[in-house]
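I have placed the structure first, in the form of structure tokens, so that the comments after it can refer back to it.
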Amino acid sequence: MNKGFLKGLSNTLRSRPAGKDNYPMKMLSEMAMPVVPHKNFAEKWEVLEQPRRLSRTYKLPNRRKLKYFVEELLSYEDEVNHHSKVTVDYETVSIEIYTLALNSITELDYEYAKMADLIYQDVEHYSDQ
């Protein structure tokens, strides 16, 4: 399998609604294999079981930055059409992400985790005013 094939499949999956009769979903589930995190994957992400998913909690210094972080995160989710469970508790944001159609972690989830980390780093530099 080459990277072009997987990239094409990924783009197809993002552009179509998930469903059992969706050919790319059948194809992806048939070729599903465990995905290992990238070498530079932040150690702060945990892998939870049943279903297998990524989890992380971010602590933000104030509610204003929390609001910016959540807005940016939701905007990214809509852009890539891949959504997570986001829980807000005062100045913390907890995220759980996995691919529902496969009930497991896929490359899309690792991409999401990397982007969430980048958004968090970016929001840390926002003004407090």
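Letters A, B, ... go to the chains of the structure tokens in the order shown; residues in each chain start at 1; ligands are counted from 1 in the same order.
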Write out as a PyMOL selection string each polymer residue whose atoms come within 6 Å of region 87-98 of chain A, counting only C-alpha atoms; drop sequence neighbours fewer than 5 positions from it.
chain A and resi 53-60+63+104-105+109
Can you work out the spacing between CA of Asp128 (chain A) and CA of Glu111 (chain A) in Å, to one decimal?
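So the answer is 28.2 Å.
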Separation of CA of Leu66 (chain A) from CA of Leu100 (chain A) in Å:
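Spanning CA of Leu100 (chain A) to CA of Leu66 (chain A) is a straight-line distance of 26.2 Å.
With only C-alpha atoms as the atoms that count, the minimum distance from Val70 (chain A) to the choices A:Ala113, A:Leu102, A:Leu108, A:Ile119 is reached by A:Ile119.
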